[in-house]
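The file data.cif comes next; it holds mmCIF, C-alpha atoms and all ligand atoms.
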```cif
data_run
loop_
_atom_site.label_atom_id
_atom_site.label_comp_id
_atom_site.auth_asym_id
_atom_site.auth_seq_id
_atom_site.Cartn_x
_atom_site.Cartn_y
_atom_site.Cartn_z
CA MET R 334 59.55 15.66 -34.74
CA ASN R 335 57.58 14.64 -31.69
CA ALA R 336 59.08 11.95 -29.48
CA PRO R 337 56.94 8.78 -29.62
CA GLU R 338 54.81 8.15 -26.59
CA PRO R 339 56.94 5.92 -24.39
CA GLY R 340 56.03 2.27 -24.50
CA ASN R 341 52.27 2.59 -24.81
CA ASP R 342 51.77 -0.37 -27.08
CA ALA R 343 48.64 -2.18 -28.17
CA ALA R 344 49.14 -4.99 -25.66
CA ALA R 345 49.14 -2.45 -22.83
CA THR R 346 45.90 -0.87 -24.04
CA ASP R 347 44.40 -4.34 -24.07
CA LEU R 348 45.44 -4.79 -20.44
CA PHE R 349 43.30 -1.87 -19.27
CA ASP R 350 40.38 -2.75 -21.54
CA ASP R 351 40.55 -6.30 -20.32
CA ALA R 352 40.71 -5.21 -16.66
CA ARG R 353 37.74 -2.87 -16.84
CA SER R 354 35.72 -5.27 -18.99
CA ARG R 355 35.14 -7.19 -15.75
CA LEU R 356 33.08 -4.24 -14.48
CA GLU R 357 30.23 -4.68 -16.97
CA ASP R 358 28.93 -7.82 -15.32
CA ILE R 359 29.39 -6.27 -11.85
CA PHE R 360 27.48 -3.09 -12.81
CA ARG R 361 24.63 -5.22 -14.14
CA ARG R 362 24.47 -7.40 -11.05
CA LEU R 363 24.59 -4.39 -8.71
CA ASP R 364 22.27 -2.37 -10.94
CA VAL R 365 24.40 0.75 -10.44
CA GLU R 366 23.46 4.17 -11.79
CA GLU R 367 24.92 5.55 -15.00
CA ASP R 368 26.90 8.17 -12.99
CA VAL R 369 28.72 5.47 -11.08
CA ARG R 370 29.59 3.57 -14.25
CA GLU R 371 31.00 6.67 -15.87
CA ARG R 372 33.14 7.47 -12.84
CA LEU R 373 34.61 3.99 -12.48
CA LEU R 374 35.54 3.34 -16.10
CA ARG R 375 38.33 5.94 -16.32
CA PRO R 376 41.18 7.33 -14.18
CA ALA R 377 40.67 10.59 -12.27
CA THR R 378 44.10 12.02 -13.08
CA ALA R 379 47.25 10.77 -14.78
CA LEU R 380 50.53 12.64 -14.38
CA GLN R 381 53.34 11.93 -16.82
CA VAL R 382 56.84 12.99 -15.82
CA SER R 383 60.36 12.75 -17.17
CA VAL R 384 63.12 12.21 -14.66
CA PRO R 385 66.64 13.37 -15.54
CA VAL R 386 69.34 11.38 -13.77
CA ARG R 387 73.08 12.09 -13.77
CA MET R 388 74.76 8.71 -14.29
CA ASP R 389 78.02 7.75 -12.60
CA ASP R 390 79.94 8.26 -15.85
CA GLY R 391 78.75 11.86 -16.12
CA ARG R 392 76.13 11.31 -18.85
CA LEU R 393 72.52 12.43 -18.37
CA ARG R 394 69.75 9.89 -18.87
CA VAL R 395 66.08 10.83 -18.83
CA PHE R 396 63.52 8.27 -17.65
CA ASP R 397 59.77 8.32 -18.30
CA GLY R 398 57.48 7.94 -15.31
CA TRP R 399 53.83 8.21 -14.32
CA ARG R 400 51.64 8.63 -11.25
CA VAL R 401 47.94 7.87 -11.72
CA HIS R 402 45.11 8.55 -9.27
CA TYR R 403 42.40 6.25 -10.52
CA ASN R 404 39.74 7.11 -7.98
CA THR R 405 39.73 9.02 -4.68
CA ILE R 406 36.11 8.66 -3.59
CA LEU R 407 36.91 6.52 -0.54
CA GLY R 408 40.05 8.41 0.50
CA PRO R 409 43.47 9.57 -0.70
CA ALA R 410 45.01 7.61 -3.59
CA LYS R 411 47.06 4.63 -2.37
CA GLY R 412 49.38 2.37 -4.28
CA GLY R 413 52.92 1.35 -5.05
CA ILE R 414 55.67 2.55 -7.36
CA ARG R 415 57.12 0.10 -9.88
CA PHE R 416 60.54 0.28 -11.57
CA HIS R 417 60.44 -1.98 -14.63
CA PRO R 418 61.30 -1.80 -18.35
CA GLN R 419 57.67 -2.68 -19.27
CA VAL R 420 56.10 0.18 -17.30
CA ASN R 421 53.94 2.52 -19.39
CA ARG R 422 50.98 4.82 -18.82
CA THR R 423 48.36 2.19 -19.53
CA GLU R 424 49.96 -0.39 -17.26
CA VAL R 425 50.16 2.15 -14.41
CA THR R 426 46.51 3.12 -15.02
CA THR R 427 45.44 -0.52 -14.89
CA LEU R 428 47.40 -1.12 -11.69
CA ALA R 429 45.78 2.01 -10.18
CA PHE R 430 42.37 0.64 -11.15
CA TRP R 431 43.13 -2.64 -9.33
CA MET R 432 44.31 -0.65 -6.27
CA THR R 433 40.94 1.16 -6.25
CA VAL R 434 39.06 -2.13 -6.22
CA LYS R 435 41.45 -3.69 -3.69
CA CYS R 436 41.21 -0.88 -1.11
CA ALA R 437 37.41 -0.99 -1.41
CA VAL R 438 37.30 -4.80 -1.09
CA VAL R 439 39.11 -4.74 2.26
CA GLY R 440 37.33 -1.60 3.46
CA LEU R 441 40.29 0.79 3.71
CA PRO R 442 39.81 4.58 3.80
CA PHE R 443 41.80 4.90 0.56
CA GLY R 444 41.26 5.32 -3.14
CA GLY R 445 43.51 3.75 -5.75
CA GLY R 446 46.71 5.04 -7.30
CA LYS R 447 49.90 3.70 -8.82
CA GLY R 448 53.21 4.98 -10.09
CA GLY R 449 56.04 3.69 -12.17
CA VAL R 450 59.24 4.45 -14.00
CA GLN R 451 60.23 2.75 -17.26
CA VAL R 452 63.68 1.47 -16.30
CA ASP R 453 65.59 -1.73 -15.75
CA PRO R 454 66.83 -0.91 -12.24
CA LYS R 455 69.20 -3.87 -12.25
CA THR R 456 71.41 -1.97 -14.69
CA LEU R 457 71.81 1.01 -12.31
CA SER R 458 74.42 1.46 -9.61
CA PRO R 459 73.12 2.03 -6.05
CA LEU R 460 73.84 5.78 -6.33
CA GLU R 461 72.11 6.03 -9.72
CA LEU R 462 69.12 4.23 -8.24
CA GLU R 463 69.02 6.67 -5.33
CA ARG R 464 69.18 9.65 -7.73
CA LEU R 465 66.36 8.17 -9.82
CA SER R 466 64.20 7.55 -6.72
CA ARG R 467 64.72 11.10 -5.46
CA GLY R 468 64.21 12.59 -8.94
CA TYR R 469 60.94 10.69 -9.39
CA MET R 470 59.68 11.90 -5.99
CA ARG R 471 60.61 15.51 -6.90
CA ALA R 472 58.61 15.10 -10.12
CA ILE R 473 55.43 13.80 -8.43
CA ALA R 474 55.67 15.56 -5.02
CA ASP R 475 52.88 18.03 -5.85
CA VAL R 476 50.30 15.26 -6.00
CA VAL R 477 51.62 13.32 -2.96
CA GLY R 478 50.70 13.76 0.72
CA PRO R 479 49.09 11.90 3.64
CA ASP R 480 45.61 13.14 2.64
CA ARG R 481 46.20 13.15 -1.09
CA ASP R 482 48.25 10.22 -2.36
CA ILE R 483 50.42 7.81 -0.35
CA PRO R 484 52.93 5.82 -2.44
CA ALA R 485 54.45 2.47 -1.37
CA PRO R 486 56.69 -0.28 -2.79
CA ASP R 487 55.78 -2.44 -5.78
CA VAL R 488 57.78 -4.55 -8.26
CA ASN R 489 61.54 -3.75 -7.98
CA THR R 490 61.12 -1.11 -5.29
CA ASN R 491 61.59 -1.79 -1.59
CA GLU R 492 62.01 -0.20 1.82
CA THR R 493 65.39 1.29 0.87
CA VAL R 494 63.85 3.07 -2.12
CA MET R 495 60.90 4.24 0.03
CA GLY R 496 63.38 5.61 2.59
CA TRP R 497 65.10 7.74 -0.07
CA MET R 498 61.75 8.97 -1.38
CA ALA R 499 60.49 9.79 2.13
CA ASP R 500 63.66 11.77 2.83
CA GLU R 501 63.28 13.65 -0.47
CA TYR R 502 59.61 14.43 0.23
CA ASP R 503 60.45 15.78 3.71
CA ALA R 504 63.16 17.99 2.18
CA ILE R 505 60.73 19.38 -0.43
CA VAL R 506 57.96 20.24 2.05
CA ARG R 507 60.45 21.23 4.79
CA ALA R 508 58.68 19.09 7.40
CA GLN R 509 58.67 15.55 8.75
CA VAL R 510 55.72 13.84 7.07
CA PRO R 511 56.19 10.09 7.50
CA ALA R 512 52.54 9.35 6.60
CA ALA R 513 53.16 10.55 3.00
CA ILE R 514 54.72 7.22 2.01
CA THR R 515 54.50 3.67 3.38
CA GLY R 516 56.74 0.63 3.25
CA LYS R 517 59.57 2.70 4.75
CA PRO R 518 62.41 1.20 6.80
CA VAL R 519 61.39 0.76 10.45
CA GLU R 520 64.07 3.30 11.43
CA LEU R 521 62.22 5.96 9.41
CA GLY R 522 58.75 5.19 10.77
CA GLY R 523 58.00 2.08 8.72
CA SER R 524 55.69 -0.52 10.23
CA ARG R 525 56.93 -3.75 11.67
CA GLY R 526 55.53 -6.62 9.60
CA ARG R 527 55.19 -4.61 6.36
CA VAL R 528 57.89 -6.47 4.39
CA ALA R 529 56.23 -9.89 4.82
CA ALA R 530 52.63 -8.59 4.83
CA THR R 531 51.68 -9.41 1.21
CA GLY R 532 52.92 -13.00 1.52
CA ARG R 533 51.36 -13.39 4.98
CA GLY R 534 47.98 -12.15 3.74
CA ALA R 535 48.09 -14.44 0.69
CA LEU R 536 48.71 -17.43 2.96
CA GLN R 537 45.77 -16.43 5.16
CA VAL R 538 43.41 -16.42 2.15
CA LEU R 539 44.78 -19.79 0.98
CA ASP R 540 44.32 -21.22 4.49
CA LEU R 541 40.73 -20.01 4.52
CA TRP R 542 40.06 -21.68 1.17
CA ALA R 543 41.68 -24.95 2.38
CA GLU R 544 39.62 -24.89 5.57
CA ARG R 545 36.39 -24.38 3.64
CA GLU R 546 37.30 -27.20 1.26
CA GLY R 547 38.20 -29.50 4.16
CA ARG R 548 41.79 -29.85 2.98
CA GLU R 549 44.87 -30.01 5.18
CA PRO R 550 47.96 -27.89 4.38
CA ALA R 551 50.23 -30.92 4.83
CA GLU R 552 48.45 -32.69 1.96
CA LEU R 553 48.80 -29.78 -0.46
CA THR R 554 51.59 -29.18 -2.96
CA VAL R 555 52.36 -25.67 -4.19
CA ALA R 556 54.19 -24.17 -7.19
CA VAL R 557 55.16 -20.50 -6.92
CA GLN R 558 55.72 -18.37 -10.03
CA GLY R 559 57.85 -15.35 -9.04
CA PHE R 560 60.33 -15.28 -6.16
CA GLY R 561 60.47 -11.59 -5.28
CA ASN R 562 59.44 -10.19 -1.93
CA ALA R 563 55.80 -11.40 -2.00
CA GLY R 564 56.55 -14.83 -3.52
CA TYR R 565 59.40 -15.52 -1.12
CA HIS R 566 57.56 -14.57 2.09
CA PHE R 567 54.47 -16.48 0.97
CA ALA R 568 56.55 -19.60 0.24
CA ARG R 569 58.46 -19.31 3.54
CA LEU R 570 55.34 -18.92 5.66
CA ALA R 571 53.41 -21.58 3.71
CA ARG R 572 56.28 -24.04 4.26
CA GLU R 573 56.11 -23.25 8.00
CA ARG R 574 52.37 -24.03 7.95
CA GLY R 575 53.09 -27.44 6.44
CA TYR R 576 52.38 -26.90 2.71
CA ARG R 577 54.89 -28.60 0.39
CA ILE R 578 56.53 -26.05 -1.93
CA VAL R 579 57.64 -28.20 -4.86
CA ALA R 580 58.59 -25.53 -7.42
CA VAL R 581 59.56 -21.87 -7.59
CA SER R 582 60.58 -19.68 -10.50
CA ASP R 583 61.95 -16.22 -11.21
CA SER R 584 62.56 -14.30 -14.42
CA GLN R 585 65.53 -16.53 -15.23
CA GLY R 586 64.07 -20.00 -14.74
CA ALA R 587 62.36 -22.50 -12.43
CA ILE R 588 63.41 -25.25 -10.02
CA TYR R 589 61.54 -28.35 -8.87
CA ASN R 590 61.84 -30.92 -6.12
CA ALA R 591 58.98 -33.37 -5.57
CA ASP R 592 59.95 -33.78 -1.90
CA GLY R 593 59.69 -30.06 -1.29
CA LEU R 594 62.05 -27.07 -1.40
CA GLU R 595 63.24 -24.99 1.53
CA PRO R 596 62.28 -21.42 0.53
CA GLY R 597 64.65 -19.94 3.11
CA ALA R 598 67.66 -21.74 1.62
CA VAL R 599 66.70 -20.80 -1.94
CA TRP R 600 66.35 -17.16 -0.91
CA GLU R 601 69.71 -17.25 0.80
CA HIS R 602 71.37 -18.49 -2.38
CA LYS R 603 69.53 -15.96 -4.52
CA THR R 604 70.51 -13.03 -2.33
CA ARG R 605 74.04 -14.04 -1.34
CA GLU R 606 75.71 -11.99 -4.04
CA ARG R 607 73.60 -9.00 -3.16
CA GLU R 608 74.72 -9.06 0.45
CA LEU R 609 78.32 -9.29 -0.59
CA ARG R 610 78.03 -6.34 -2.92
CA GLY R 611 75.62 -4.26 -0.83
CA MET R 612 73.29 -3.91 -3.83
CA VAL R 613 69.54 -3.46 -3.58
CA TYR R 614 68.78 -6.11 -6.22
CA CYS R 615 69.54 -9.81 -6.34
CA GLU R 616 72.28 -10.63 -8.79
CA GLU R 617 71.47 -14.31 -8.60
CA SER R 618 68.52 -16.49 -9.56
CA VAL R 619 66.70 -19.38 -7.87
CA LEU R 620 68.66 -21.43 -10.43
CA CYS R 621 71.75 -21.27 -8.26
CA GLU R 622 70.07 -23.65 -5.80
CA GLU R 623 71.85 -27.03 -5.93
CA ASP R 624 70.45 -30.58 -6.09
CA VAL R 625 67.20 -29.63 -7.77
CA GLU R 626 65.68 -30.22 -11.16
CA GLN R 627 65.52 -27.21 -13.47
CA LEU R 628 62.36 -26.47 -15.43
CA SER R 629 61.33 -23.89 -17.98
CA PRO R 630 59.14 -21.18 -16.42
CA GLU R 631 56.21 -22.26 -18.67
CA THR R 632 56.42 -25.83 -17.37
CA LEU R 633 55.92 -24.55 -13.84
CA LEU R 634 52.47 -23.24 -14.79
CA ALA R 635 51.47 -26.69 -16.02
CA LEU R 636 52.73 -28.73 -13.05
CA ASP R 637 50.41 -31.26 -11.45
CA VAL R 638 50.17 -29.48 -8.08
CA ASP R 639 47.25 -28.55 -5.83
CA VAL R 640 48.02 -24.83 -5.61
CA LEU R 641 49.48 -22.57 -8.30
CA ALA R 642 50.61 -19.29 -6.71
CA LEU R 643 51.22 -16.49 -9.25
CA ALA R 644 53.56 -13.92 -7.73
CA ALA R 645 55.32 -12.44 -10.78
CA LEU R 646 53.64 -9.96 -13.16
CA GLU R 647 50.28 -9.42 -14.88
CA ASP R 648 49.03 -11.34 -17.91
CA GLN R 649 50.67 -14.70 -17.15
CA VAL R 650 47.70 -17.07 -17.54
CA HIS R 651 45.64 -16.29 -20.63
CA ALA R 652 43.52 -17.91 -23.33
CA ASP R 653 46.52 -19.74 -24.81
CA ASN R 654 47.88 -21.44 -21.70
CA ALA R 655 44.99 -21.58 -19.18
CA GLY R 656 44.12 -25.00 -20.61
CA ASP R 657 47.50 -26.32 -19.38
CA VAL R 658 46.97 -25.42 -15.70
CA ARG R 659 46.47 -28.55 -13.61
CA ALA R 660 46.18 -27.05 -10.11
CA ASP R 661 42.91 -27.10 -8.15
CA VAL R 662 43.31 -23.50 -7.08
CA VAL R 663 45.16 -20.48 -8.47
CA LEU R 664 46.32 -17.95 -5.88
CA GLU R 665 46.85 -14.50 -7.41
CA ILE R 666 49.63 -12.91 -5.36
CA ALA R 667 50.68 -10.59 -8.22
CA ASN R 668 48.30 -7.98 -9.61
CA GLY R 669 46.38 -9.17 -12.64
CA PRO R 670 48.23 -12.43 -13.39
CA VAL R 671 45.13 -14.02 -15.01
CA THR R 672 43.35 -12.30 -17.93
CA SER R 673 39.56 -12.31 -18.19
CA GLU R 674 39.74 -14.92 -20.95
CA GLY R 675 42.12 -16.97 -18.79
CA ASP R 676 39.53 -16.72 -16.01
CA ARG R 677 36.80 -18.10 -18.27
CA VAL R 678 38.94 -21.08 -19.30
CA LEU R 679 39.93 -21.87 -15.70
CA ASP R 680 36.36 -21.48 -14.50
CA GLY R 681 35.09 -23.77 -17.25
CA ARG R 682 37.56 -26.42 -16.10
CA GLY R 683 36.44 -26.16 -12.46
CA ILE R 684 39.64 -24.47 -11.24
CA THR R 685 39.09 -21.91 -8.47
CA VAL R 686 40.85 -18.55 -8.78
CA LEU R 687 41.44 -16.66 -5.54
CA PRO R 688 41.65 -13.08 -6.84
CA ASP R 689 44.46 -10.53 -6.50
CA VAL R 690 42.23 -7.79 -5.04
CA LEU R 691 41.77 -9.99 -1.96
CA VAL R 692 44.81 -12.30 -1.96
CA ASN R 693 47.50 -9.60 -2.13
CA ALA R 694 45.68 -7.00 -0.02
CA GLY R 695 47.84 -7.80 3.03
CA GLY R 696 50.46 -5.36 1.73
CA VAL R 697 48.17 -2.37 1.53
CA ILE R 698 46.42 -3.31 4.79
CA VAL R 699 49.74 -3.05 6.64
CA SER R 700 50.49 0.15 4.69
CA TRP R 701 47.26 1.50 6.18
CA LEU R 702 48.44 0.38 9.65
CA GLU R 703 51.76 2.17 8.98
CA TRP R 704 49.89 5.35 7.99
CA ILE R 705 47.85 5.15 11.23
CA GLN R 706 51.03 4.68 13.31
CA ASN R 707 52.70 7.63 11.52
CA ARG R 708 49.70 9.89 12.13
CA THR R 709 49.28 9.00 15.79
CA GLY R 710 52.95 8.57 16.69
CA ASP R 711 52.02 5.34 18.48
CA TYR R 712 54.18 2.48 17.14
CA TRP R 713 53.19 -1.19 17.61
CA ASP R 714 55.12 -4.44 17.92
CA GLU R 715 55.00 -6.98 15.10
CA GLU R 716 52.52 -9.22 16.92
CA THR R 717 50.01 -6.38 17.14
CA VAL R 718 50.45 -5.51 13.45
CA ASN R 719 50.04 -9.14 12.37
CA ALA R 720 46.96 -9.55 14.56
CA ARG R 721 45.30 -6.46 13.07
CA LEU R 722 46.18 -7.62 9.56
CA ALA R 723 44.67 -11.05 10.23
CA GLU R 724 41.55 -9.52 11.77
CA ARG R 725 40.84 -7.17 8.84
CA LEU R 726 41.73 -9.59 6.05
CA GLY R 727 39.90 -12.49 7.71
CA ARG R 728 36.71 -10.47 8.09
CA GLU R 729 36.69 -9.26 4.48
CA ALA R 730 37.82 -12.59 2.97
CA GLU R 731 35.00 -14.43 4.80
CA ALA R 732 32.53 -11.84 3.54
CA VAL R 733 33.77 -12.20 -0.06
CA LEU R 734 33.70 -16.02 -0.06
CA ASP R 735 30.25 -16.05 1.62
CA LEU R 736 28.92 -13.61 -0.97
CA ALA R 737 30.37 -15.66 -3.83
CA ALA R 738 28.79 -18.85 -2.44
CA ARG R 739 25.43 -17.16 -1.85
CA GLU R 740 25.29 -15.69 -5.36
CA GLY R 741 26.80 -18.76 -7.02
CA VAL R 742 29.61 -16.70 -8.61
CA SER R 743 33.41 -16.91 -8.72
CA ALA R 744 35.52 -15.56 -5.84
CA ARG R 745 36.64 -12.72 -8.16
CA THR R 746 33.07 -11.72 -8.93
CA GLY R 747 32.29 -11.95 -5.20
CA ALA R 748 35.22 -9.65 -4.41
CA TYR R 749 34.23 -7.12 -7.08
CA LEU R 750 30.59 -7.11 -5.94
CA HIS R 751 31.79 -6.49 -2.38
CA GLY R 752 34.24 -3.69 -3.30
CA ILE R 753 32.38 -1.98 -6.15
CA GLY R 754 29.22 -2.01 -4.01
CA ARG R 755 31.06 0.12 -1.42
CA LEU R 756 32.43 2.46 -4.08
CA ALA R 757 29.06 2.87 -5.78
CA ALA R 758 27.36 3.70 -2.47
CA ALA R 759 30.00 6.32 -1.66
CA ILE R 760 29.74 7.91 -5.12
CA THR R 761 25.96 8.16 -4.78
CA ARG R 762 26.17 9.51 -1.20
CA ARG R 763 28.54 12.29 -2.27
CA GLY R 764 25.70 13.82 -4.26
CA ASN R 765 25.79 16.07 -7.30
CA ARG R 766 28.20 18.82 -6.27
CA GLN R 767 29.72 19.03 -9.73
CA GLU R 768 26.42 19.51 -11.55
CA ALA R 769 24.98 21.94 -9.00
N1 LIG H 801 52.17 -2.39 -4.33
C1 LIG H 801 51.33 -3.06 -3.39
C2 LIG H 801 50.04 -3.48 -4.06
O1 LIG H 801 49.97 -3.63 -5.25
C3 LIG H 801 51.15 -2.30 -2.10
C4 LIG H 801 50.49 -0.97 -2.22
C5 LIG H 801 50.49 -0.18 -0.91
O2 LIG H 801 50.91 -0.67 0.12
O3 LIG H 801 50.03 0.96 -0.98
O4 LIG H 801 49.08 -3.76 -3.40
#
```
Please express what this file holds, its structure, as structure tokens.
Ligand code: GLU
Amino acid sequence: MNAPEPGNDAAATDLFDDARSRLEDIFRRLDVEEDVRERLLRPATALQVSVPVRMDDGRLRVFDGWRVHYNTILGPAKGGIRFHPQVNRTEVTTLAFWMTVKCAVVGLPFGGGKGGVQVDPKTLSPLELERLSRGYMRAIADVVGPDRDIPAPDVNTNETVMGWMADEYDAIVRAQVPAAITGKPVELGGSRGRVAATGRGALQVLDLWAEREGREPAELTVAVQGFGNAGYHFARLARERGYRIVAVSDSQGAIYNADGLEPGAVWEHKTRERELRGMVYCEESVLCEEDVEQLSPETLLALDVDVLALAALEDQVHADNAGDVRADVVLEIANGPVTSEGDRVLDGRGITVLPDVLVNAGGVIVSWLEWIQNRTGDYWDEETVNARLAERLGREAEAVLDLAAREGVSARTGAYLHGIGRLAAAITRRGNRQEA
């Protein structure tokens, strides 16, 4: 009997259909040619792998994984690797689609890719995790390379995991190729500023929105769904800018304090166990913070705050709960946290959505800066990296918001018009080689 296809359920198929359904309106507005439509509605290649891992107790476990190149018109595929029990081919494809749009929106010389392994990494020992990371890189190494596909961190992967994968890649190709993977530890050629880059970029886009609306950070309250790397650094930097972070959540629950939380202290509590045990993952939750009110994660979405920052997973605000959101602005730090139906409900209620393909692009922008540093061998200090991030993101975010205002469309539609316009022009300019 054939093994069932791993975890490719109906909900996942809906995710991709929902994501690409947004293109129809964009194609119409841009009046793109049929060829362009056909190219952008499907992935270029999708590699499925199985990764055998020897567990500490001597048993063999085999994990399913994928690496998708959605589109490589603007450059080599670029995008993270996710370790999560919900990962499946369709989710990875959808995430690779969003990477394609994102790299085009901020004008990077990259296409879009994504990878993932269906695993709950929190159940693995550090050595098992290292074996899985190396095994996954061995399985996908043929499609990776500085001019082909450059992986990076995503949900539940970090600089430690990238370091193992970079080492494995170098061993396979018998050369030092730091530009084949980004988000590495600084000691292995990683860029200064990469770890905080997604949160830093998200704050920059929020600041720009606040400035255009004539609102002061000190007057704005923020709830943050998701307290992983991006959510934490965003909350920390936003607190420094004067925003009041009143609630944060993680997969276990949410905490609230009307007077404002200290993200640094919450993070310290959450990660304390990890430091003691030397593990890669947090054993603790934000719930271990003392003297705060506990909320259900759903209540956080419905809090009466000015800014709702979504930094967890996709598909969080949808037709059924978008009516409960009370924030003035939704900041998409995760990829795809609002469905297209969720968008329509929020839009109808006058709530602005600052879209993922712009808001979380700080991560891939600094990955690009890392790739440049690796290729030139010229390494920069953190100030230089942050300044170049701010310059690139500021320029593109202004262009997106100006375009949206000029056309009278949402910020998401503005971002897609901006990015898909670039992709469409490049597809057309490449000519008809395949038909010739
Ligand atoms: N995983 C991140 C994202 O979704 C970063 C990708 C990268 O740096 O290549 O944007």
- Message: Given the point (57.2, -24.4, -19.0) in the coordinates of this file, which residues lie within 12 Å, counting all atoms listed in the file, and how would they look as an NGL selection string?
- Response: :R and (558 or 580-582 or 586-589 or 627-636 or 649 or 654 or 657-658)
- Query: Do you know which residues are at most 12 Å from Leu428 in chain R counting only C-alpha atoms, after dropping those on the same chain fewer than 4 positions away, and could you put them as a PyMOL selection string?
  - Reply: chain R and resi 345+348-349+352-353+376+399-404+411-415+420-424+432-435+445-449+487-488+646-647+667-670+689-690
- In terms of all atoms listed in the file, the residue from R:Val625, R:Leu570, R:Leu641, R:Leu536 at minimal distance from Ala556 in chain R is R:Leu641
- Using all atoms listed in the file, find the one residue out of R:Gly391, R:Gly696, R:Gly741, R:Gly468 that sits nearest to ligand LIG 801 (chain H). R:Gly696
- What separation in Å, quoted to one decimal, exists between CA of Gly496 in chain R and CA of Pro511 in chain R? 9.8 Å
- Item | Straight-line distance linking CA of Arg481 in chain R with CA of Ala723 in chain R, stated in Å to one decimal |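 These two atoms are separated by 26.8 Å.
Remark: for ligand LIG 801 (chain H), the closest of the candidate residues R:Ala642, R:Ala499, R:Ile698, R:Leu457 is R:Ile698 (distances computed over all atoms listed in the file).
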- Task: Tell me, in Å to one decimal, how far CA of Glu729 in chain R is from CA of Ala748 in chain R.
- Result: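 Answer for the CA of Glu729 in chain R to CA of Ala748 in chain R separation: 9.0 Å.
Taking only C-alpha atoms, the non-local environment of Val671 in chain R within 8 Å (same-chain residues fewer than 4 positions away omitted) comprises Glu647, Asp648, Gln649, Val650, His651, Glu665, Gly675 and Asp676 of chain R.
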- Write out as a VMD selection string which residues come within 9 Å of Asp351 in chain R when counting all atoms listed in the file, dropping same-chain ones fewer than 6 positions away. chain R and resid 672 to 674
- Message: Considering all atoms listed in the file, can you say which of R:Trp713, R:Phe416, R:Tyr749, R:Trp701 comes closest to ligand LIG 801 (chain H)?
- Response: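 Of the candidates, the smallest distance to ligand LIG 801 (chain H) is held by R:Trp701.
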- Message: Which residue is closest to Arg721 in chain R? Choose from R:Gln585, R:Glu492, R:Ala758, R:Gly534 and count only C-alpha atoms.
- Response: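 Ranking R:Gln585, R:Glu492, R:Ala758, R:Gly534 by distance to Arg721 in chain R, first place goes to R:Gly534.
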- Query: Counting all atoms listed in the file, what is within 12 Å of Arg545 in chain R, bar same-chain residues fewer than 2 positions away, as a list in words?
  - Reply: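 Non-adjacent residues within range: Val538, Leu539, Asp540, Leu541, Trp542, Ala543, Gly547, Arg548, Glu549, Ala730, Glu731, Leu734, Asp735 and Ala738 of chain R.
Closest to ligand LIG 801 (chain H) among R:Pro459, R:Gly398, R:Pro486, R:Gly575 is R:Pro486, based on only C-alpha atoms and all ligand atoms.
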Box time for ligand LIG 801 (chain H): axis-aligned, enclosing all its listed atoms, 3 Å extra on each side; report centre and edge lengths in Å to one decimal, as AutoDock Vina command-line options.
```
--center_x 50.6 --center_y -1.4 --center_z -2.6 --size_x 9.1 --size_y 10.7 --size_z 11.4
```
- Item | Long-range neighbours of range 759-766 of chain R as a PyMOL selection string, 8 Å cut-off, only C-alpha atoms, 3 positions minimum in chain | chain R and resi 369+406-407+755-756+769
Could you write those residues out with C-alpha atoms, as a PDB file, in the coordinates of the input?
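Written output follows (out_9.pdb):
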```
ATOM      1  CA  VAL R 369      28.720   5.470 -11.080  1.00  0.00           C
ATOM      2  CA  ILE R 406      36.110   8.660  -3.590  1.00  0.00           C
ATOM      3  CA  LEU R 407      36.910   6.520  -0.540  1.00  0.00           C
ATOM      4  CA  ARG R 755      31.060   0.120  -1.420  1.00  0.00           C
ATOM      5  CA  LEU R 756      32.430   2.460  -4.080  1.00  0.00           C
ATOM      6  CA  ALA R 769      24.980  21.940  -9.000  1.00  0.00           C
TER       7      ALA R 769
END
```
